[in-house]
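Listing of query.txt, compact mmCIF, C-alpha atoms and all ligand atoms
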```
# COMPACT_ATOMS: atom_id res chain seq x y z
CA MET P 21 -22.35 -5.57 16.73
CA THR P 22 -20.01 -2.71 15.96
CA ALA P 23 -18.26 -2.65 12.63
CA GLN P 24 -14.57 -2.32 12.05
CA VAL P 25 -13.86 0.43 9.52
CA ILE P 26 -11.14 -0.51 7.06
CA THR P 27 -9.77 1.97 4.52
CA VAL P 28 -7.86 0.80 1.46
CA THR P 29 -5.45 3.40 0.09
CA SER P 30 -2.18 3.58 -1.85
CA GLY P 31 -0.77 6.94 -2.83
CA LYS P 32 -0.16 5.94 -6.44
CA GLY P 33 -3.16 5.35 -8.69
CA GLY P 34 -4.06 2.14 -10.45
CA VAL P 35 -2.32 -0.27 -8.08
CA GLY P 36 -5.47 -2.22 -7.19
CA LYS P 37 -7.36 -0.43 -4.38
CA THR P 38 -10.80 -0.84 -5.94
CA THR P 39 -10.01 -4.44 -6.87
CA ALA P 40 -8.96 -5.12 -3.27
CA VAL P 41 -12.09 -3.51 -1.77
CA ALA P 42 -14.46 -5.45 -4.04
CA ASN P 43 -12.67 -8.73 -3.40
CA LEU P 44 -12.27 -8.33 0.34
CA ALA P 45 -15.92 -7.34 0.69
CA ASN P 46 -17.04 -10.39 -1.29
CA ALA P 47 -14.73 -12.68 0.66
CA LEU P 48 -16.02 -11.35 3.99
CA ALA P 49 -19.60 -11.75 2.77
CA MET P 50 -18.79 -15.33 1.75
CA ASP P 51 -17.67 -15.87 5.35
CA GLY P 52 -21.12 -14.71 6.48
CA LYS P 53 -20.14 -11.19 7.55
CA LYS P 54 -22.26 -8.08 7.15
CA VAL P 55 -20.28 -5.71 4.96
CA VAL P 56 -20.85 -2.17 3.75
CA CYS P 57 -18.50 -0.80 1.06
CA ILE P 58 -18.13 2.93 0.54
CA ASP P 59 -16.74 4.29 -2.70
CA GLY P 60 -14.68 7.29 -1.61
CA ASP P 61 -13.49 8.17 -5.08
CA ILE P 62 -15.88 11.09 -5.70
CA GLY P 63 -16.04 12.03 -9.38
CA LEU P 64 -14.36 8.79 -10.47
CA ARG P 65 -16.89 6.23 -9.35
CA ASN P 66 -15.66 2.70 -10.06
CA LEU P 67 -16.45 0.31 -7.25
CA ASP P 68 -20.01 -0.07 -8.59
CA VAL P 69 -18.88 -1.54 -11.93
CA VAL P 70 -16.21 -3.73 -10.39
CA MET P 71 -18.87 -5.15 -8.04
CA GLY P 72 -21.41 -5.43 -10.86
CA LEU P 73 -23.93 -3.09 -9.21
CA GLU P 74 -23.87 -0.11 -11.58
CA ASN P 75 -27.44 -0.64 -12.77
CA ARG P 76 -28.93 -0.45 -9.30
CA ILE P 77 -27.72 3.00 -8.29
CA VAL P 78 -30.37 5.56 -7.43
CA TYR P 79 -28.74 7.67 -4.72
CA ASP P 80 -25.11 8.24 -3.83
CA ILE P 81 -23.08 9.37 -0.83
CA VAL P 82 -23.40 13.07 -1.64
CA ASP P 83 -27.21 12.68 -1.73
CA VAL P 84 -26.94 11.32 1.82
CA ILE P 85 -24.69 14.15 2.99
CA GLU P 86 -26.86 16.82 1.42
CA GLY P 87 -30.05 15.30 2.83
CA ARG P 88 -31.71 14.23 -0.43
CA CYS P 89 -32.13 10.67 0.84
CA LYS P 90 -31.78 8.51 3.92
CA LEU P 91 -28.57 6.55 4.43
CA LYS P 92 -30.47 3.28 3.94
CA GLN P 93 -31.73 4.45 0.53
CA ALA P 94 -28.18 4.92 -0.76
CA MET P 95 -27.15 1.42 0.33
CA ILE P 96 -27.29 -0.88 -2.68
CA ARG P 97 -27.78 -4.51 -1.80
CA ASP P 98 -25.51 -6.99 -3.57
CA LYS P 99 -27.01 -9.45 -6.06
CA HIS P 100 -25.54 -12.56 -4.43
CA TYR P 101 -24.90 -11.65 -0.81
CA PRO P 102 -27.91 -9.99 0.83
CA ASP P 103 -25.72 -8.86 3.73
CA MET P 104 -23.35 -6.90 1.51
CA TYR P 105 -24.02 -3.30 0.49
CA LEU P 106 -22.39 -0.58 -1.55
CA ILE P 107 -22.69 3.15 -0.97
CA PRO P 108 -21.65 4.59 -4.34
CA ALA P 109 -19.59 7.71 -4.93
CA ALA P 110 -21.16 10.68 -6.65
CA GLN P 111 -20.08 10.85 -10.26
CA THR P 112 -20.89 14.43 -11.07
CA ARG P 113 -19.67 16.19 -7.96
CA ASP P 114 -16.23 17.25 -6.87
CA LYS P 115 -14.58 15.76 -3.82
CA ASN P 116 -15.18 18.89 -1.74
CA ALA P 117 -18.82 17.82 -1.46
CA VAL P 118 -17.63 15.40 1.25
CA SER P 119 -15.70 16.26 4.41
CA PRO P 120 -13.84 14.05 6.88
CA SER P 121 -16.52 14.66 9.51
CA ASP P 122 -19.23 13.54 7.04
CA MET P 123 -17.37 10.25 6.67
CA VAL P 124 -17.05 9.84 10.43
CA ARG P 125 -20.78 10.50 10.87
CA ILE P 126 -21.82 8.07 8.12
CA CYS P 127 -19.57 5.34 9.47
CA ASN P 128 -20.87 5.86 13.00
CA ASP P 129 -24.43 5.48 11.71
CA LEU P 130 -23.45 2.25 9.91
CA ARG P 131 -21.35 0.72 12.70
CA PRO P 132 -24.11 -0.85 14.83
CA ASP P 133 -25.52 -2.87 11.90
CA ALA P 134 -22.38 -4.18 10.21
CA ASP P 135 -19.29 -6.28 10.86
CA PHE P 136 -17.06 -4.49 8.38
CA ILE P 137 -17.17 -1.13 6.62
CA ILE P 138 -14.66 -1.01 3.78
CA ILE P 139 -13.75 2.33 2.23
CA ASP P 140 -12.18 2.64 -1.22
CA SER P 141 -9.84 5.63 -1.19
CA PRO P 142 -8.94 7.67 -4.25
CA ALA P 143 -5.28 7.85 -5.28
CA GLY P 144 -3.21 10.72 -3.98
CA ILE P 145 -2.92 12.42 -0.61
CA GLU P 146 -5.50 15.16 -1.10
CA ARG P 147 -8.99 15.77 0.24
CA GLY P 148 -10.46 12.47 -1.00
CA PHE P 149 -7.70 10.53 0.75
CA ARG P 150 -8.26 12.55 3.95
CA ASN P 151 -11.98 11.76 3.78
CA ALA P 152 -11.29 8.08 3.24
CA ILE P 153 -9.01 7.71 6.26
CA ALA P 154 -11.01 9.93 8.64
CA ALA P 155 -13.13 7.13 10.09
CA ALA P 156 -10.67 4.25 9.68
CA ASP P 157 -9.96 1.85 12.51
CA ARG P 158 -7.44 0.15 10.31
CA VAL P 159 -5.77 1.17 7.06
CA LEU P 160 -4.54 -1.16 4.33
CA VAL P 161 -1.96 0.25 1.95
CA VAL P 162 -1.86 -1.39 -1.48
CA THR P 163 1.30 -1.28 -3.54
CA ASN P 164 2.84 -2.98 -6.55
CA PRO P 165 6.42 -4.30 -6.48
CA GLU P 166 7.59 -1.36 -8.54
CA VAL P 167 9.63 1.77 -7.70
CA SER P 168 7.04 4.53 -8.01
CA ALA P 169 4.27 2.58 -6.26
CA VAL P 170 6.58 1.71 -3.35
CA ARG P 171 7.80 5.28 -3.04
CA ASP P 172 4.25 6.66 -2.94
CA ALA P 173 3.19 3.97 -0.48
CA ASP P 174 5.99 5.11 1.81
CA ARG P 175 4.71 8.69 1.69
CA VAL P 176 1.24 7.52 2.64
CA VAL P 177 2.58 5.39 5.49
CA GLY P 178 4.47 8.44 6.76
CA ILE P 179 1.33 10.60 6.66
CA LEU P 180 -0.75 7.94 8.43
CA GLU P 181 1.85 7.70 11.18
CA ALA P 182 2.06 11.48 11.51
CA GLU P 183 -1.75 11.61 11.79
CA GLU P 184 -1.61 8.92 14.46
CA LYS P 185 -3.74 6.56 12.44
CA GLY P 186 -1.41 3.77 13.51
CA THR P 187 0.86 1.76 11.29
CA PRO P 188 -1.07 0.45 8.29
CA HIS P 189 -0.90 -3.07 6.94
CA LEU P 190 0.49 -3.77 3.50
CA ILE P 191 -1.02 -5.57 0.51
CA ILE P 192 1.51 -6.28 -2.21
CA ASN P 193 -0.54 -6.65 -5.40
CA ARG P 194 0.40 -7.89 -8.87
CA LEU P 195 3.47 -9.79 -7.82
CA ASN P 196 4.87 -11.68 -10.78
CA ALA P 197 6.68 -14.69 -9.32
CA SER P 198 8.71 -15.51 -12.40
CA LEU P 199 9.98 -11.93 -12.71
CA VAL P 200 10.92 -12.01 -9.04
CA ARG P 201 12.71 -15.28 -9.47
CA ASN P 202 14.57 -13.80 -12.40
CA ASN P 203 15.52 -10.86 -10.18
CA ASP P 204 13.66 -8.46 -12.41
CA MET P 205 10.98 -7.52 -9.91
CA LEU P 206 11.26 -6.44 -6.28
CA SER P 207 10.39 -9.41 -4.09
CA ALA P 208 7.83 -9.25 -1.28
CA GLU P 209 10.74 -9.30 1.19
CA ASP P 210 12.36 -6.34 -0.59
CA VAL P 211 9.15 -4.31 -0.44
CA LEU P 212 8.57 -5.16 3.22
CA ASP P 213 12.14 -4.29 4.09
CA LEU P 214 11.86 -0.94 2.30
CA LEU P 215 8.51 0.07 3.78
CA GLY P 216 9.03 -1.37 7.26
CA ILE P 217 5.37 -2.16 7.92
CA GLN P 218 3.49 -5.37 8.53
CA LEU P 219 2.28 -7.51 5.64
CA ILE P 220 -1.35 -8.63 5.41
CA GLY P 221 -1.27 -10.22 1.96
CA ILE P 222 0.52 -10.85 -1.31
CA VAL P 223 -1.69 -11.02 -4.40
CA PRO P 224 -0.18 -12.43 -7.58
CA GLU P 225 -0.52 -10.85 -10.98
CA ASP P 226 -3.46 -12.82 -12.36
CA GLU P 227 -5.48 -12.28 -15.52
CA SER P 228 -8.56 -13.69 -13.83
CA VAL P 229 -8.71 -10.38 -11.91
CA ILE P 230 -9.45 -8.56 -15.15
CA ILE P 231 -11.91 -11.22 -16.28
CA GLY P 232 -13.69 -10.87 -12.93
CA SER P 233 -13.91 -7.08 -13.30
CA ASN P 234 -15.24 -7.47 -16.83
CA ARG P 235 -18.08 -9.57 -15.49
CA GLY P 236 -18.67 -7.52 -12.36
CA ALA P 237 -17.92 -10.67 -10.37
CA PRO P 238 -14.79 -10.17 -8.22
CA VAL P 239 -12.23 -12.91 -8.52
CA VAL P 240 -12.70 -14.29 -4.99
CA THR P 241 -15.85 -15.93 -6.28
CA ASP P 242 -13.66 -17.95 -8.69
CA GLY P 243 -12.45 -20.93 -6.68
CA LYS P 244 -9.55 -21.65 -9.02
CA SER P 245 -7.98 -18.20 -9.12
CA ARG P 246 -4.77 -17.71 -7.12
CA ALA P 247 -5.46 -14.00 -6.73
CA GLY P 248 -8.88 -14.98 -5.42
CA LEU P 249 -7.30 -17.27 -2.86
CA ALA P 250 -4.91 -14.51 -1.82
CA PHE P 251 -7.84 -12.12 -1.22
CA ARG P 252 -9.80 -14.78 0.68
CA ASN P 253 -6.76 -15.23 2.93
CA ILE P 254 -6.52 -11.49 3.57
CA ALA P 255 -10.21 -11.49 4.52
CA LYS P 256 -9.51 -14.28 7.03
CA ARG P 257 -6.62 -12.27 8.50
CA LEU P 258 -8.95 -9.26 8.84
CA GLN P 259 -11.17 -11.52 10.93
CA GLY P 260 -8.22 -12.25 13.20
CA GLN P 261 -7.33 -15.67 11.82
CA ASP P 262 -3.73 -16.70 11.44
CA VAL P 263 -3.41 -17.85 7.82
CA PRO P 264 0.02 -18.67 6.39
CA PHE P 265 1.14 -16.65 3.36
CA LEU P 266 0.85 -18.27 -0.08
CA ASP P 267 3.91 -19.87 -1.52
CA LEU P 268 3.92 -18.00 -4.78
CA ASP P 269 6.50 -20.38 -6.20
CA GLN P 270 3.75 -22.90 -6.81
CA GLN P 271 2.69 -20.97 -9.86
CA SER P 272 6.19 -20.71 -11.23
CA GLY P 273 5.62 -22.86 -14.30
CA LEU P 274 8.28 -24.54 -16.38
CA TRP P 275 11.01 -21.94 -16.08
CA GLY P 276 10.73 -22.01 -12.30
CA ALA P 277 10.82 -25.78 -12.28
CA ILE P 278 14.00 -25.76 -14.37
CA GLN P 279 15.60 -23.18 -12.13
CA ARG P 280 14.75 -25.19 -9.05
CA LEU P 281 16.14 -28.37 -10.59
CA THR P 282 19.40 -26.67 -11.42
CA GLY P 283 19.56 -25.08 -8.00
CA ARG P 284 19.50 -21.53 -9.36
CA LYS P 285 16.46 -20.35 -7.49
CA MET W 13 22.54 -4.43 -23.29
CA ASN W 14 23.89 -7.94 -22.95
CA PHE W 15 21.48 -10.29 -21.23
CA PHE W 16 24.25 -12.11 -19.38
CA THR W 17 26.26 -9.18 -18.07
CA ARG W 18 23.34 -6.86 -17.31
CA LYS W 19 22.85 -6.11 -13.63
CA LYS W 20 19.51 -7.48 -12.52
CA SER W 21 16.97 -4.70 -12.36
CA ALA W 22 15.40 -5.67 -9.02
CA SER W 23 18.69 -5.01 -7.25
CA SER W 24 19.03 -1.53 -8.68
CA ALA W 25 15.35 -0.85 -7.93
CA LYS W 26 15.97 -1.71 -4.29
CA GLU W 27 19.18 0.29 -3.99
CA ARG W 28 17.64 3.35 -5.60
CA LEU W 29 14.52 3.12 -3.45
CA GLN W 30 16.59 2.81 -0.28
CA LEU W 31 18.21 6.15 -1.05
CA VAL W 32 15.07 7.89 -2.23
CA LEU W 33 13.06 6.80 0.81
CA VAL W 34 15.49 8.06 3.43
CA HIS W 35 15.55 11.45 1.75
CA ASP W 36 11.75 11.50 1.32
CA ARG W 37 11.25 10.58 4.96
CA THR W 38 13.67 13.15 6.33
CA ASP W 39 12.90 15.90 3.84
CA LEU W 40 16.65 16.29 3.43
CA THR W 41 18.09 16.49 -0.07
CA PRO W 42 21.53 15.05 -0.84
CA ALA W 43 22.74 18.67 -1.31
CA GLN W 44 21.48 19.66 2.13
CA LEU W 45 23.19 16.63 3.59
CA GLU W 46 26.48 17.80 2.01
CA ALA W 47 25.98 21.26 3.54
CA LEU W 48 25.28 19.70 6.91
CA LYS W 49 28.49 17.72 6.60
CA ASP W 50 30.51 20.88 5.91
CA ASP W 51 28.96 22.67 8.89
CA LEU W 52 29.64 19.69 11.11
CA ILE W 53 33.29 19.56 10.05
CA LYS W 54 33.67 23.29 10.77
CA ALA W 55 32.06 22.98 14.19
CA ILE W 56 34.09 19.97 15.26
CA SER W 57 37.34 21.47 13.97
CA ASN W 58 36.93 24.27 16.52
CA TYR W 59 37.56 21.74 19.27
CA ILE W 60 39.55 18.89 17.87
CA GLU W 61 41.70 18.19 14.84
CA ILE W 62 40.01 16.00 12.24
CA ASP W 63 40.68 14.94 8.67
CA PRO W 64 37.88 16.54 6.63
CA GLU W 65 38.49 14.16 3.73
CA ALA W 66 37.85 11.11 5.89
CA VAL W 67 34.55 12.26 7.36
CA GLN W 68 31.60 10.08 6.40
CA ILE W 69 28.04 11.08 7.09
CA GLY W 70 24.86 9.48 5.94
CA LEU W 71 21.29 8.56 6.71
CA GLU W 72 20.52 4.99 7.66
CA ARG W 73 17.22 3.23 8.07
CA ASP W 74 16.16 0.72 10.60
CA GLY W 75 12.60 -0.35 9.91
CA ARG W 76 10.71 2.95 9.79
CA GLU W 77 13.32 4.81 11.84
CA GLN W 78 15.90 7.11 10.35
CA ARG W 79 19.31 7.69 11.83
CA LEU W 80 21.99 10.23 10.98
CA VAL W 81 25.27 8.36 11.19
CA ALA W 82 28.64 10.10 11.15
CA ASP W 83 32.09 8.57 11.19
CA ILE W 84 34.67 11.21 12.04
CA PRO W 85 38.24 9.92 12.37
CA LEU W 86 40.43 12.12 14.58
CA ARG W 87 43.93 13.19 13.54
CA SER W 88 46.34 11.22 15.68
CA VAL W 89 47.74 13.45 18.44
CA SER W 90 50.50 11.05 19.54
CA ARG W 91 52.10 11.17 16.10
CA HIS W 92 52.45 14.94 16.37
CA ARG W 93 54.20 14.54 19.71
CA ALA W 94 56.62 11.92 18.43
CA GLY W 95 57.57 14.10 15.49
N1 LIG P 301 -3.62 -8.89 -9.12
C1 LIG P 301 -3.93 -8.35 -10.32
N2 LIG P 301 -3.64 -9.01 -11.46
C2 LIG P 301 -3.95 -8.46 -12.65
N3 LIG P 301 -4.57 -7.29 -12.83
C3 LIG P 301 -4.88 -6.58 -11.73
C4 LIG P 301 -4.58 -7.06 -10.42
N4 LIG P 301 -5.01 -6.13 -9.52
C5 LIG P 301 -5.54 -5.12 -10.23
N5 LIG P 301 -5.47 -5.37 -11.55
C6 LIG P 301 -5.95 -4.49 -12.65
O1 LIG P 301 -5.30 -3.24 -12.51
C7 LIG P 301 -6.16 -2.19 -12.90
C8 LIG P 301 -6.24 -1.15 -11.79
O2 LIG P 301 -6.89 -1.71 -10.68
P1 LIG P 301 -7.83 -0.86 -9.74
O3 LIG P 301 -8.85 -0.11 -10.51
O4 LIG P 301 -8.31 -1.78 -8.67
O5 LIG P 301 -6.77 0.17 -9.14
P2 LIG P 301 -7.05 1.43 -8.21
O6 LIG P 301 -5.89 1.50 -7.28
O7 LIG P 301 -8.39 1.36 -7.61
O8 LIG P 301 -6.99 2.61 -9.28
P3 LIG P 301 -7.38 4.16 -9.05
O9 LIG P 301 -6.22 4.77 -8.31
O10 LIG P 301 -7.54 4.71 -10.41
O11 LIG P 301 -8.64 4.17 -8.23
C9 LIG P 301 -7.48 -2.82 -13.22
O12 LIG P 301 -7.57 -2.99 -14.61
C10 LIG P 301 -7.42 -4.17 -12.53
O13 LIG P 301 -8.20 -5.15 -13.18
MG MG P 302 -9.97 2.83 -7.64
```

What do you get writing this file as structure tokens?
Amino acid sequence: MTAQVITVTSGKGGVGKTTAVANLANALAMDGKKVVCIDGDIGLRNLDVVMGLENRIVYDIVDVIEGRCKLKQAMIRDKHYPDMYLIPAAQTRDKNAVSPSDMVRICNDLRPDADFIIIDSPAGIERGFRNAIAAADRVLVVTNPEVSAVRDADRVVGILEAEEKGTPHLIINRLNASLVRNNDMLSAEDVLDLLGIQLIGIVPEDESVIIGSNRGAPVVTDGKSRAGLAFRNIAKRLQGQDVPFLDLDQQSGLWGAIQRLTGRK
Amino acid sequence: MNFFTRKKSASSAKERLQLVLVHDRTDLTPAQLEALKDDLIKAISNYIEIDPEAVQIGLERDGREQRLVADIPLRSVSRHRAG
């Protein structure tokens, strides 16, 4: 077994990186995969609360790097999936406590015992971002269908290409189908055309995402959530399966139904 | 703004992003592009007669590739001869 290292990044903050990491990890674990998540957002630790593991933290990634504990000791086992682990970020340290080569070394140590290592990148294109992409076999760029998020995503794609990290795959998060239909939000096609990279998933705007984070139970575990389904599909694509993209029009509601009836769609 | 006459915002978002992204990707500001155009017109005019007003130059995208595209109509030589 040798794990694939997947880094989730975005450029702009708050677009849904941490949400994506927590959900993809849970979805992969639900498919029986061994998953290790690494919170790369040093100083702004968040993945622990989104995954509901904040009370179990003893050691963090900087403790590993500085030799205060063994790698295994910093791996927090999930409550529901015994084959899923989190290595938390340090909360009190600055991001210079970690270097790209530290990340490569940690991932190499983890690779033999996992199927997937998923790294949550901080926003921006600084040191923390460099650390997060250092060991990546594959990078997922998250964006929202919104001008500043798309612009920053394009910068990140350019940097990844310049660094020969390969062309990343795109997750379009928080798509609001009725706004798109009303031509008041960039459509998935628009975003893809602008960024010119390959799509790996479209996640709808969905309040169950927030409810899931509140509970520390990512939304993939909610069988009825459409965002959950979207993340489960991305997890399948990461495993090499060919899953068709969701028809987001299904959730269009009354207004969409009227528009379709009158042929205005 | 009137709801019925207002231009839909997604279209202007896309148009604006198209422009911003080519300039971000090439590190070329619109002002620099203007300067490049002037230089190009000067250089070409040393060899062949052109109409500076008609010169069009711009950046185009094709997927993740950028292209500098110039359309430079030549002043008709035959007309000069006839006259
Ligand atoms: N599909 C969605 N529908 C609704 N809310 C969402 C969706 N995705 C993310 N959110 C919400 O958006 C907020 C930001 O998400 P998240 O923390 O995952 O972003 P981030 O990119 O990790 O941010 P940062 O750059 O600060 O690390 C959270 O409150 C989250 O619950
Ligand atoms: Mg985050």

With the cut-off set at 12 Å and counting all atoms listed in the file, tabulate each residue of chain P with an atom at most that distance from an atom of chain W, showing the nearest atom pair and its distance in Å to one decimal, ordered by chain and increasing number, as CSV.
```
residue,atom,partner,partner_atom,distance
P:Pro165,CA,W:Ala22,CA,9.4
P:Glu166,CA,W:Ala25,CA,7.8
P:Val167,CA,W:Ala25,CA,6.3
P:Ser168,CA,W:Leu29,CA,8.9
P:Ala169,CA,W:Leu29,CA,10.6
P:Val170,CA,W:Leu29,CA,8.1
P:Arg171,CA,W:Leu33,CA,6.7
P:Asp172,CA,W:Leu33,CA,9.6
P:Ala173,CA,W:Leu33,CA,10.3
P:Asp174,CA,W:Leu33,CA,7.3
P:Arg175,CA,W:Arg37,CA,7.6
P:Val176,CA,W:Arg37,CA,10.7
P:Val177,CA,W:Arg76,CA,9.5
P:Gly178,CA,W:Arg37,CA,7.3
P:Ile179,CA,W:Arg37,CA,10.1
P:Glu181,CA,W:Arg76,CA,10.1
P:Ala182,CA,W:Arg37,CA,11.3
P:Thr187,CA,W:Arg76,CA,10.0
P:Leu199,CA,W:Ala22,CA,9.1
P:Val200,CA,W:Ala22,CA,7.8
P:Arg201,CA,W:Ala22,CA,10.0
P:Asn202,CA,W:Lys20,CA,8.0
P:Asn203,CA,W:Ala22,CA,5.3
P:Asp204,CA,W:Ala22,CA,4.7
P:Met205,CA,W:Ala22,CA,4.9
P:Leu206,CA,W:Ala22,CA,5.0
P:Ser207,CA,W:Ala22,CA,8.0
P:Ala208,CA,W:Ala22,CA,11.4
P:Glu209,CA,W:Lys26,CA,10.7
P:Asp210,CA,W:Lys26,CA,6.9
P:Val211,CA,W:Lys26,CA,8.3
P:Leu212,CA,W:Gly75,CA,9.2
P:Asp213,CA,W:Gly75,CA,7.0
P:Leu214,CA,W:Gln30,CA,6.6
P:Leu215,CA,W:Arg76,CA,7.0
P:Gly216,CA,W:Gly75,CA,4.6
P:Ile217,CA,W:Arg76,CA,7.6
P:Gln218,CA,W:Gly75,CA,10.5
```

Problem set entry | For range 256-260 of chain P: contacts at 9 Å, all atoms listed in the file, fewer than 6 positions along chain excluded, given as a list of chain:residue names |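 Skipping anything fewer than 6 positions along the chain leaves P:Ala47, P:Leu48, P:Asp51, P:Ile220, P:Gly221.
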
Please write out the residues within 6 Å of ligand LIG 301 (chain P) as a short mmCIF file (atom, residue, chain, number, x, y, z; two decimals) with C-alpha atoms, in the frame of the given file, counting all atoms listed in the file.
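The file below, pocket_1.cif, is the result:
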```
data_model
loop_
_atom_site.label_atom_id
_atom_site.label_comp_id
_atom_site.auth_asym_id
_atom_site.auth_seq_id
_atom_site.Cartn_x
_atom_site.Cartn_y
_atom_site.Cartn_z
CA GLY P 33 -3.16 5.35 -8.69
CA GLY P 34 -4.06 2.14 -10.45
CA VAL P 35 -2.32 -0.27 -8.08
CA GLY P 36 -5.47 -2.22 -7.19
CA LYS P 37 -7.36 -0.43 -4.38
CA THR P 38 -10.80 -0.84 -5.94
CA THR P 39 -10.01 -4.44 -6.87
CA PRO P 142 -8.94 7.67 -4.25
CA ALA P 143 -5.28 7.85 -5.28
CA ASN P 193 -0.54 -6.65 -5.40
CA ARG P 194 0.40 -7.89 -8.87
CA VAL P 223 -1.69 -11.02 -4.40
CA PRO P 224 -0.18 -12.43 -7.58
CA GLU P 225 -0.52 -10.85 -10.98
CA ASP P 226 -3.46 -12.82 -12.36
CA GLU P 227 -5.48 -12.28 -15.52
CA VAL P 229 -8.71 -10.38 -11.91
CA ILE P 230 -9.45 -8.56 -15.15
CA ALA P 247 -5.46 -14.00 -6.73
#
```

Exercise. Neighbours of ligand MG 302 (chain P) within 12 Å, counting all atoms listed in the file, as a VMD selection string?
Worked result: chain P and resid 28 to 42 58 to 71 109 139 to 144 148 to 149 162

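Interatomic distance, CA of Ile231 in chain P to CA of Lys53 in chain P: 25.2 Å.
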
For this session: Would you be able to write out as a PyMOL selection string which residues have an atom within 12 Å of (29.6, 7.3, 3.7) in the file's coordinates, counting all atoms listed in the file?
Result: chain W and resi 45-46+49+65-72+80-84

For this session: Kindly give the distance, in Å, that separates CA of Thr27 in chain P and CA of Val159 in chain P, rounded to a single decimal.
Result: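 Between CA of Thr27 in chain P and CA of Val159 in chain P the gap is 4.8 Å.
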
Problem set entry | Interatomic distance, CA of Asn196 in chain P to CA of Gly243 in chain P (Å, one decimal) |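 If I compute the distance from CA of Asn196 in chain P to CA of Gly243 in chain P, I get 20.1 Å.
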
Problem set entry | Contacts of range 83-94 of chain P at 9 Å (all atoms listed in the file; same-chain gap of 6+ positions) as a ChimeraX atom specification | /P:77,106-108,110,117-118,122,126,129-130

For this session: Quick one: everything within 12 Å of Met50 in chain P, counting all atoms listed in the file, minus sequence neighbours fewer than 4 positions away in the same chain. Send it as a VMD selection string.
Result: chain P and resid 43 to 46 54 to 55 98 100 to 104 238 240 to 243 251 to 252 255 to 256

May I have the centre and edge lengths, in Å to one decimal, of an axis-aligned box around the listed atoms of range 66-71 of chain W with 5 Å added to every side, as lines of an AutoDock Vina configuration file?
```
center_x = 29.6
center_y = 10.4
center_z = 6.6
size_x = 26.6
size_y = 13.7
size_z = 11.5
```
